[in-house]
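Structure file upload_13.pdb (PDB, C-alpha atoms and all ligand atoms) is printed below.
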```pdb
ATOM      1  CA  MET M   1     -20.733   2.415   0.861
ATOM      2  CA  LYS M   2     -17.667   2.786  -1.312
ATOM      3  CA  ARG M   3     -15.672  -0.028  -2.791
ATOM      4  CA  ILE M   4     -11.977   0.229  -3.613
ATOM      5  CA  ALA M   5     -10.018  -2.351  -5.577
ATOM      6  CA  HIS M   6      -6.423  -2.349  -4.355
ATOM      7  CA  ILE M   7      -3.965  -3.895  -6.798
ATOM      8  CA  SER M   8      -0.197  -3.787  -6.510
ATOM      9  CA  ASP M   9       3.124  -4.925  -7.915
ATOM     10  CA  ILE M  10       1.780  -5.786 -11.338
ATOM     11  CA  HIS M  11       5.373  -5.850 -12.682
ATOM     12  CA  PHE M  12       4.877  -5.694 -16.454
ATOM     13  CA  GLY M  13       7.828  -7.461 -17.974
ATOM     14  CA  ARG M  14       7.192 -10.446 -15.697
ATOM     15  CA  VAL M  15       3.420 -10.718 -16.033
ATOM     16  CA  VAL M  16       1.422 -13.890 -16.559
ATOM     17  CA  PRO M  17      -0.958 -12.756 -19.361
ATOM     18  CA  GLU M  18      -3.881 -14.991 -18.391
ATOM     19  CA  ILE M  19      -3.719 -13.671 -14.826
ATOM     20  CA  ALA M  20      -3.750 -10.076 -16.099
ATOM     21  CA  ASP M  21      -6.792 -10.878 -18.271
ATOM     22  CA  ALA M  22      -8.558 -12.549 -15.349
ATOM     23  CA  LEU M  23      -7.833  -9.549 -13.136
ATOM     24  CA  VAL M  24      -9.443  -7.156 -15.614
ATOM     25  CA  ALA M  25     -12.513  -9.423 -15.790
ATOM     26  CA  ASP M  26     -12.716  -9.662 -11.983
ATOM     27  CA  LEU M  27     -12.433  -5.895 -11.605
ATOM     28  CA  LYS M  28     -15.184  -5.295 -14.144
ATOM     29  CA  ALA M  29     -17.459  -7.705 -12.258
ATOM     30  CA  LEU M  30     -16.611  -5.939  -8.988
ATOM     31  CA  ASN M  31     -17.425  -2.500 -10.418
ATOM     32  CA  PRO M  32     -15.431  -0.526  -7.814
ATOM     33  CA  ASP M  33     -15.694   3.206  -7.201
ATOM     34  CA  LEU M  34     -11.917   3.475  -7.377
ATOM     35  CA  VAL M  35      -8.878   1.357  -8.217
ATOM     36  CA  ALA M  36      -5.734   2.015  -6.167
ATOM     37  CA  VAL M  37      -2.528   0.812  -7.828
ATOM     38  CA  SER M  38       0.262   0.820  -5.254
ATOM     39  CA  GLY M  39       3.385   0.729  -7.378
ATOM     40  CA  ASP M  40       5.876  -1.547  -9.141
ATOM     41  CA  LEU M  41       4.042  -1.276 -12.424
ATOM     42  CA  THR M  42       7.078  -2.601 -14.275
ATOM     43  CA  GLN M  43       9.847  -5.095 -13.693
ATOM     44  CA  ARG M  44      12.802  -2.956 -14.806
ATOM     45  CA  ALA M  45      11.329   0.402 -15.888
ATOM     46  CA  ARG M  46      11.917  -0.351 -19.585
ATOM     47  CA  PRO M  47       9.851   1.587 -22.147
ATOM     48  CA  TRP M  48       8.128  -1.572 -23.476
ATOM     49  CA  GLN M  49       7.231  -2.573 -19.931
ATOM     50  CA  TYR M  50       5.757   0.859 -19.271
ATOM     51  CA  ARG M  51       3.753   0.663 -22.501
ATOM     52  CA  ALA M  52       2.372  -2.731 -21.461
ATOM     53  CA  ALA M  53       1.460  -1.375 -18.014
ATOM     54  CA  ARG M  54      -0.200   1.652 -19.586
ATOM     55  CA  ASP M  55      -2.242  -0.528 -21.947
ATOM     56  CA  PHE M  56      -3.281  -2.755 -19.057
ATOM     57  CA  LEU M  57      -4.437   0.199 -16.947
ATOM     58  CA  ARG M  58      -6.431   1.522 -19.890
ATOM     59  CA  ARG M  59      -8.440  -1.719 -19.845
ATOM     60  CA  ILE M  60      -9.667  -0.919 -16.322
ATOM     61  CA  PRO M  61     -12.610   1.482 -16.800
ATOM     62  CA  PHE M  62     -12.717   3.028 -13.326
ATOM     63  CA  PRO M  63     -11.151   6.060 -11.637
ATOM     64  CA  LYS M  64      -7.595   5.214 -10.627
ATOM     65  CA  ILE M  65      -4.966   6.355  -8.145
ATOM     66  CA  VAL M  66      -1.565   5.171  -9.391
ATOM     67  CA  VAL M  67       1.788   5.588  -7.631
ATOM     68  CA  PRO M  68       5.228   4.322  -8.693
ATOM     69  CA  GLY M  69       7.339   1.724  -6.895
ATOM     70  CA  ASN M  70      11.071   1.067  -6.647
ATOM     71  CA  HIS M  71      10.967  -1.136  -9.761
ATOM     72  CA  ASP M  72       9.661   1.827 -11.753
ATOM     73  CA  VAL M  73      12.995   3.593 -11.249
ATOM     74  CA  PRO M  74      15.740   2.297 -13.597
ATOM     75  CA  LEU M  75      18.184   0.197 -11.587
ATOM     76  CA  TYR M  76      21.105  -0.305 -13.970
ATOM     77  CA  ASP M  77      20.847   2.858 -16.100
ATOM     78  CA  VAL M  78      22.637   4.946 -13.482
ATOM     79  CA  GLY M  79      22.398   8.253 -15.380
ATOM     80  CA  ARG M  80      18.660   7.955 -15.824
ATOM     81  CA  ARG M  81      18.226   6.590 -12.322
ATOM     82  CA  PHE M  82      19.684   9.647 -10.632
ATOM     83  CA  LEU M  83      18.899  12.407 -13.125
ATOM     84  CA  ARG M  84      15.433  11.441 -14.358
ATOM     85  CA  PRO M  85      14.315   8.481 -12.224
ATOM     86  CA  LEU M  86      10.587   8.635 -13.012
ATOM     87  CA  LYS M  87      10.624  10.280 -16.437
ATOM     88  CA  ARG M  88       9.162   7.191 -18.073
ATOM     89  CA  PHE M  89       6.480   6.870 -15.418
ATOM     90  CA  GLU M  90       5.611  10.474 -16.175
ATOM     91  CA  ARG M  91       5.551   9.838 -19.912
ATOM     92  CA  TYR M  92       3.572   6.607 -20.012
ATOM     93  CA  ILE M  93       1.444   6.540 -16.846
ATOM     94  CA  THR M  94       0.843   9.994 -15.342
ATOM     95  CA  ASN M  95       2.644  13.202 -14.488
ATOM     96  CA  ASP M  96       0.559  13.563 -11.357
ATOM     97  CA  PHE M  97       2.675  12.399  -8.403
ATOM     98  CA  SER M  98       0.019  13.338  -5.844
ATOM     99  CA  PRO M  99      -3.138  11.866  -7.419
ATOM    100  CA  PHE M 100      -6.265  12.604  -5.400
ATOM    101  CA  TYR M 101      -9.817  11.271  -5.405
ATOM    102  CA  ALA M 102     -12.573  12.488  -3.124
ATOM    103  CA  ASP M 103     -16.309  11.995  -2.793
ATOM    104  CA  ASP M 104     -18.723  12.315   0.108
ATOM    105  CA  GLU M 105     -17.384   9.197   1.898
ATOM    106  CA  ILE M 106     -13.714   8.719   1.077
ATOM    107  CA  ALA M 107     -10.678  10.854   0.259
ATOM    108  CA  VAL M 108      -7.783   8.990  -1.331
ATOM    109  CA  LEU M 109      -4.328  10.434  -1.962
ATOM    110  CA  GLY M 110      -1.388   8.745  -3.664
ATOM    111  CA  VAL M 111       2.206   9.640  -2.765
ATOM    112  CA  ASN M 112       5.400   8.612  -4.513
ATOM    113  CA  THR M 113       7.784   6.850  -2.108
ATOM    114  CA  ALA M 114      10.208   5.552  -4.769
ATOM    115  CA  ARG M 115      13.696   7.038  -4.543
ATOM    116  CA  SER M 116      16.947   6.829  -6.473
ATOM    117  CA  PHE M 117      19.093   6.530  -3.370
ATOM    118  CA  THR M 118      16.970   4.635  -0.842
ATOM    119  CA  PHE M 119      16.056   2.315  -3.673
ATOM    120  CA  THR M 120      14.517  -0.608  -1.805
ATOM    121  CA  ASN M 121      12.996   1.026   1.265
ATOM    122  CA  GLY M 122      11.666   4.324  -0.085
ATOM    123  CA  SER M 123      10.701   7.392   1.912
ATOM    124  CA  ILE M 124       8.296  10.300   2.262
ATOM    125  CA  SER M 125       9.736  13.818   2.249
ATOM    126  CA  ALA M 126       8.755  16.716   4.491
ATOM    127  CA  LYS M 127       7.240  18.411   1.440
ATOM    128  CA  GLN M 128       5.102  15.349   0.750
ATOM    129  CA  VAL M 129       3.943  15.308   4.378
ATOM    130  CA  GLU M 130       2.766  18.880   3.827
ATOM    131  CA  ILE M 131       0.912  17.824   0.666
ATOM    132  CA  ILE M 132      -0.804  15.050   2.634
ATOM    133  CA  ARG M 133      -1.782  17.507   5.363
ATOM    134  CA  GLU M 134      -3.152  19.968   2.786
ATOM    135  CA  HIS M 135      -5.389  17.285   1.299
ATOM    136  CA  PHE M 136      -6.553  15.571   4.481
ATOM    137  CA  CYS M 137      -6.481  17.970   7.403
ATOM    138  CA  GLY M 138      -9.486  20.073   6.398
ATOM    139  CA  ILE M 139     -11.725  17.130   5.622
ATOM    140  CA  PRO M 140     -14.509  16.137   8.064
ATOM    141  CA  GLN M 141     -13.519  13.331  10.439
ATOM    142  CA  GLU M 142     -16.279  11.010   9.179
ATOM    143  CA  THR M 143     -14.803  11.064   5.653
ATOM    144  CA  ARG M 144     -12.348   8.163   5.524
ATOM    145  CA  LYS M 145      -8.850   9.344   4.621
ATOM    146  CA  ILE M 146      -6.801   6.850   2.680
ATOM    147  CA  LEU M 147      -3.128   7.173   1.739
ATOM    148  CA  VAL M 148      -1.676   5.054  -1.070
ATOM    149  CA  THR M 149       2.081   4.403  -1.174
ATOM    150  CA  HIS M 150       4.259   1.668  -2.601
ATOM    151  CA  HIS M 151       6.374   1.147   0.488
ATOM    152  CA  PRO M 152       4.755  -0.285   3.615
ATOM    153  CA  PHE M 153       4.347   1.135   7.108
ATOM    154  CA  LEU M 154       3.960  -2.310   8.714
ATOM    155  CA  PRO M 155       6.126  -5.442   8.352
ATOM    156  CA  PRO M 156       4.715  -8.759   7.129
ATOM    157  CA  PRO M 157       3.304 -10.909   9.945
ATOM    158  CA  ASP M 158       5.812 -13.700   9.394
ATOM    159  CA  ASP M 159       8.845 -11.488   8.840
ATOM    160  CA  LEU M 160       9.072  -8.661  11.330
ATOM    161  CA  LYS M 161      12.717  -8.154  10.358
ATOM    162  CA  ARG M 162      11.783  -6.539   7.072
ATOM    163  CA  ARG M 163      12.851  -2.925   6.943
ATOM    164  CA  LEU M 164      10.148  -0.331   6.536
ATOM    165  CA  MET M 165      10.033   3.002   4.802
ATOM    166  CA  GLY M 166      12.447   5.577   6.221
ATOM    167  CA  SER M 167      10.932   7.805   8.930
ATOM    168  CA  ALA M 168       7.590   6.002   8.732
ATOM    169  CA  GLY M 169       6.975   6.633  12.431
ATOM    170  CA  LYS M 170       7.731  10.341  12.151
ATOM    171  CA  VAL M 171       5.391  10.649   9.187
ATOM    172  CA  LEU M 172       2.513   9.012  11.056
ATOM    173  CA  THR M 173       3.149  11.185  14.108
ATOM    174  CA  THR M 174       3.111  14.342  11.989
ATOM    175  CA  LEU M 175      -0.141  13.257  10.363
ATOM    176  CA  GLU M 176      -1.896  12.400  13.644
ATOM    177  CA  SER M 177      -3.975  15.574  13.706
ATOM    178  CA  CYS M 178      -5.307  14.800  10.200
ATOM    179  CA  ASN M 179      -7.083  11.630  11.407
ATOM    180  CA  LEU M 180      -5.664   9.371   8.759
ATOM    181  CA  ASP M 181      -7.719   6.160   8.523
ATOM    182  CA  LEU M 182      -6.163   3.759   6.099
ATOM    183  CA  LEU M 183      -2.752   3.067   4.533
ATOM    184  CA  LEU M 184      -2.628   1.007   1.342
ATOM    185  CA  ALA M 185       0.697  -0.303   0.036
ATOM    186  CA  GLY M 186       2.454  -3.246  -1.565
ATOM    187  CA  HIS M 187       6.152  -4.014  -2.192
ATOM    188  CA  PHE M 188       6.489  -7.201  -0.118
ATOM    189  CA  HIS M 189       4.234  -9.261  -2.436
ATOM    190  CA  MET M 190       2.221 -10.403   0.571
ATOM    191  CA  SER M 191      -1.366  -9.751   1.601
ATOM    192  CA  TYR M 192      -1.850  -8.796   5.223
ATOM    193  CA  ALA M 193      -3.548  -6.229   7.401
ATOM    194  CA  GLY M 194      -2.873  -4.786  10.811
ATOM    195  CA  GLY M 195      -3.084  -1.727  13.014
ATOM    196  CA  SER M 196      -0.338   0.876  13.194
ATOM    197  CA  HIS M 197      -0.552   0.463  16.981
ATOM    198  CA  SER M 198       1.213  -2.864  16.734
ATOM    199  CA  VAL M 199       4.403  -0.975  15.825
ATOM    200  CA  TYR M 200       3.876   2.716  16.604
ATOM    201  CA  ARG M 201       2.536   2.630  20.156
ATOM    202  CA  THR M 202       2.924   6.339  20.789
ATOM    203  CA  LEU M 203       0.211   7.245  18.286
ATOM    204  CA  ALA M 204      -3.063   8.192  19.948
ATOM    205  CA  ARG M 205      -5.171   6.634  17.220
ATOM    206  CA  SER M 206      -4.369   3.459  15.373
ATOM    207  CA  VAL M 207      -4.352   3.616  11.581
ATOM    208  CA  LEU M 208      -5.502   0.601   9.583
ATOM    209  CA  VAL M 209      -2.786  -0.818   7.325
ATOM    210  CA  ILE M 210      -3.760  -3.005   4.373
ATOM    211  CA  GLN M 211      -1.096  -4.595   2.217
ATOM    212  CA  ALA M 212      -1.644  -6.164  -1.200
ATOM    213  CA  GLY M 213       0.228  -9.068  -2.749
ATOM    214  CA  THR M 214       1.361  -9.062  -6.347
ATOM    215  CA  ALA M 215      -1.671  -9.111  -8.615
ATOM    216  CA  THR M 216      -0.142 -10.348 -11.859
ATOM    217  CA  SER M 217       3.600 -10.984 -11.536
ATOM    218  CA  SER M 218       5.262 -14.372 -11.902
ATOM    219  CA  ARG M 219       7.555 -13.211  -9.062
ATOM    220  CA  VAL M 220       5.338 -14.609  -6.334
ATOM    221  CA  ARG M 221       7.015 -15.250  -3.010
ATOM    222  CA  LYS M 222       5.113 -17.003  -0.248
ATOM    223  CA  GLU M 223       1.612 -16.595  -1.620
ATOM    224  CA  LYS M 224      -0.225 -16.791  -4.925
ATOM    225  CA  ASN M 225      -1.213 -13.760  -6.969
ATOM    226  CA  ALA M 226      -3.823 -11.729  -5.129
ATOM    227  CA  TYR M 227      -5.494  -8.371  -4.805
ATOM    228  CA  ASN M 228      -7.755  -6.656  -2.267
ATOM    229  CA  THR M 229     -11.282  -5.349  -2.380
ATOM    230  CA  ILE M 230     -11.972  -2.852   0.380
ATOM    231  CA  SER M 231     -15.508  -1.794   1.275
ATOM    232  CA  VAL M 232     -15.762   1.388   3.328
ATOM    233  CA  GLU M 233     -19.035   2.207   5.047
ATOM    234  CA  GLY M 234     -19.180   4.654   7.957
ATOM    235  CA  ASP M 235     -17.053   3.281  10.780
ATOM    236  CA  GLN M 236     -16.626  -0.141   9.158
ATOM    237  CA  VAL M 237     -14.110  -1.456   6.666
ATOM    238  CA  GLU M 238     -14.381  -4.889   5.131
ATOM    239  CA  LEU M 239     -11.361  -6.367   3.395
ATOM    240  CA  GLU M 240     -11.652  -9.256   0.995
ATOM    241  CA  VAL M 241      -8.487 -10.810  -0.404
ATOM    242  CA  ARG M 242      -9.118 -12.363  -3.799
ATOM    243  CA  MET M 243      -6.560 -14.896  -4.927
ATOM    244  CA  TRP M 244      -5.631 -16.552  -8.224
ATOM    245  CA  GLU M 245      -6.623 -20.216  -8.237
ATOM    246  CA  GLY M 246      -5.610 -21.290 -11.751
ATOM    247  CA  ARG M 247      -8.646 -20.162 -13.725
ATOM    248  CA  GLY M 248      -9.634 -16.903 -12.097
ATOM    249  CA  PHE M 249      -9.563 -14.828  -8.923
ATOM    250  CA  VAL M 250     -11.678 -16.262  -6.099
ATOM    251  CA  HIS M 251     -12.515 -15.336  -2.519
ATOM    252  CA  TYR M 252      -9.647 -16.189  -0.183
ATOM    253  CA  ARG M 253     -10.102 -14.320   3.094
ATOM    254  CA  LYS M 254     -12.370 -11.704   4.597
ATOM    255  CA  GLN M 255     -11.677  -9.401   7.572
ATOM    256  CA  ARG M 256     -13.768  -6.664   9.148
ATOM    257  CA  PHE M 257     -12.419  -3.649  10.995
ATOM    258  CA  HIS M 258     -14.176  -1.147  13.224
ATOM    259  CA  HIS M 259     -13.360   2.509  13.809
ATOM    260  CA  ASP M 260     -13.520   4.171  17.200
ATOM    261  CA  ASP M 261     -13.252   7.975  17.311
ATOM    262  CA  GLU M 262     -10.802   7.897  20.219
ATOM    263  CA  ARG M 263      -8.639   4.864  19.538
ATOM    264  CA  GLY M 264      -8.873   4.715  15.766
ATOM    265  CA  TRP M 265      -8.985   1.341  14.083
ATOM    266  CA  ASP M 266      -9.228  -1.416  16.651
ATOM    267  CA  LEU M 267      -8.178  -4.725  15.183
ATOM    268  CA  GLY M 268      -7.870  -7.254  17.953
ATOM    269  CA  HIS M 269      -4.908  -8.830  16.219
ATOM    270  CA  ALA M 270      -1.474  -7.901  14.959
ATOM    271  CA  PRO M 271       1.313  -9.283  12.825
ATOM    272  CA  HIS M 272       2.932 -12.323  14.392
ATOM    273  CA  SER M 273       6.337 -13.805  14.002
ATOM    274  CA  THR M 274       8.902 -15.633  16.023
ATOM    275  CA  ALA M 275      11.562 -13.275  14.645
ATOM    276  CA  ASP M 276      13.189 -10.623  16.805
ATOM    277  CA  PRO M 277      10.873  -7.642  16.239
ATOM    278  CA  SER M 278      13.611  -5.098  16.939
ATOM    279  CA  GLN M 279      15.358  -5.956  13.689
ATOM    280  CA  HIS M 280      12.914  -4.324  11.329
ATOM    281  CA  LEU M 281      12.841  -0.929  12.978
ATOM    282  CA  SER M 282      14.903   1.747  11.319
ATOM    283  CA  LYS M 283      17.721   3.336  13.286
ATOM    284  CA  SER M 284      16.677   6.780  12.143
ATOM    285  CA  GLY M 285      15.371   7.854  15.535
ATOM    286  CA  ASP M 286      11.686   7.470  14.850
ATOM    287  CA  GLY M 287      11.089   7.286  18.592
ATOM    288  CA  ILE M 288       9.304   3.951  18.361
ATOM    289  CA  GLU M 289      11.821   1.755  20.150
ATOM    290  CA  GLU M 290       9.591   1.755  23.224
ATOM    291  CA  ASN M 291       7.104  -0.293  21.249
ATOM    292  CA  LEU M 292       9.284  -3.359  21.083
ATOM    293  CA  GLU M 293       7.852  -5.023  24.151
ATOM    294  CA  HIS M 294       4.359  -4.574  22.820
ATOM    295  CA  ILE M 295       5.295  -6.058  19.476
ATOM    296  CA  SER M 296       6.793  -9.068  21.221
ATOM    297  CA  LEU M 297       3.538  -9.655  23.050
ATOM    298  CA  GLN M 298       1.433  -9.113  19.973
ATOM    299  CA  ALA M 299       3.731 -11.295  17.938
ATOM    300  CA  ARG M 300       2.530 -14.388  19.779
ATOM    301  CA  ARG M 301      -1.042 -13.915  18.667
ATOM    302  CA  GLU M 302      -2.591 -15.646  15.741
ATOM    303  CA  PHE M 303      -2.840 -13.300  12.787
ATOM    304  CA  ARG M 304      -5.975 -14.602  11.119
TER
HETATM  305 FE    FE M 401       7.197  -5.516  -6.345
HETATM  306 FE    FE M 402       8.710  -2.811  -4.634
END
```
Go through the file and emit its structure as structure tokens.
Ligand SMILES: [Fe+2]
Ligand SMILES: [Fe+2]
Amino acid sequence: MKRIAHISDIHFGRVVPEIADALVADLKALNPDLVAVSGDLTQRARPWQYRAARDFLRRIPFPKIVVPGNHDVPLYDVGRRFLRPLKRFERYITNDFSPFYADDEIAVLGVNTARSFTFTNGSISAKQVEIIREHFCGIPQETRKILVTHHPFLPPPDDLKRRLMGSAGKVLTTLESCNLDLLLAGHFHMSYAGGSHSVYRTLARSVLVIQAGTATSSRVRKEKNAYNTISVEGDQVELEVRMWEGRGFVHYRKQRFHHDDERGWDLGHAPHSTADPSQHLSKSGDGIEENLEHISLQARREFR
């Protein structure tokens, strides 16, 4: 069994220090095999914010996969934004934009989805898809393949209008033959999980999508600060959301997911919302419009 701590959107520059301290303590007690940090390390990509994020990550004594988010690209410094968007990330955090961890049970790859132009929504390039295929396609099927990005592949359950990463459907289709198991991301500052089937019905196998809230930022939206612990054992994944309750992180919600070799990750539930589900789909010709009816049906179900 392998245990992954999934933290996201730590946003140094807008961090509550006691929450950051409590998170380090909780992670040390958890003793995970790996910590996945899915982007937005800083609030505005300032050097002092990067230094604070770097110092925080150094306090976490476990292997880490770290990817940048849209907030890690300078927004107002236009020259830096377009010419050297992630230079500071490279300087203070890592110059590895395809960080990879593998053992006998899991293979975890991080990919940078932050962009200067598609600032909010992000994207994955054709070259990055090739990098993902190189890392995952030769790995035995029973090894769980986990991709870490900042931008999500699935909308929040109560807001299906939210736009997703550009060409997300095409990327998943291209990666089908690699038997991808799990997608970890952040960005929306909301914890939720679902199957890729709830949006991308043409995929043969459903990929499990787990989203993390913001672990330490004061910019909370609809939920308190939270992070995920993910236990991977054979064909089972157990997700525990741990949430800030004023003095420390405590158990909030647990979900179990089962893998089937033919259908992938069968969840028995999907994001729900009363919103029009067609609104969140990109117009980029992902070929997933036929899924709308399914989403509408799934949207009526209870999420948890
Ligand atoms: Fe964020
Ligand atoms: Fe973000």
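In this comparison, which uses only C-alpha atoms, the residue of M:Arg51, M:Arg263, M:Arg256, M:Lys127 approaching Gly13 of chain M most closely is M:Arg51.
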- Query: Residues within 6 Å of ligand FE 402 (chain M) (only C-alpha atoms and all ligand atoms), as an MDAnalysis selection string?
  - Reply: chainID M and resid 40 69:71 187
- Message: Under the rule that only C-alpha atoms and all ligand atoms are counted, which of M:Val73, M:Val111, M:Val24, M:Leu34 is the nearest residue to ligand FE 401 (chain M)?
- Response: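 Answer, going by the shortest atom-to-atom distance: M:Val73.
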- Message: the PyMOL selection byres (((not hetatm)) within 12 of (chain M and resi 401)) - which residues does that actually catch in the file I just gave you? List them as a ChimeraX atom specification.
- Response: /M:7-15,37-45,68-73,114,120-121,150-152,185-190,211-221,225
- For the structure shown, which residues end up in the PyMOL selection byres (((chain M and resi 197) around 9) and not hetatm)? Put them as an NGL selection string, please? :M and (194-196 or 198-208 or 265-266 or 270 or 291)
- Which is closer to Leu27 of chain M than all the others in M:Ile60, M:Leu183, M:Gln255, M:Cys178, using all atoms listed in the file?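 The shortest atom-to-atom distance to Leu27 of chain M comes from M:Ile60.
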- Task: Find the spatial neighbours of Tyr252 of chain M, counting only C-alpha atoms, within a cut-off of 7 Å - ignore same-chain residues fewer than 4 positions away - and output them as a list in words.
- Result: Val241, Arg242 and Met243 of chain M
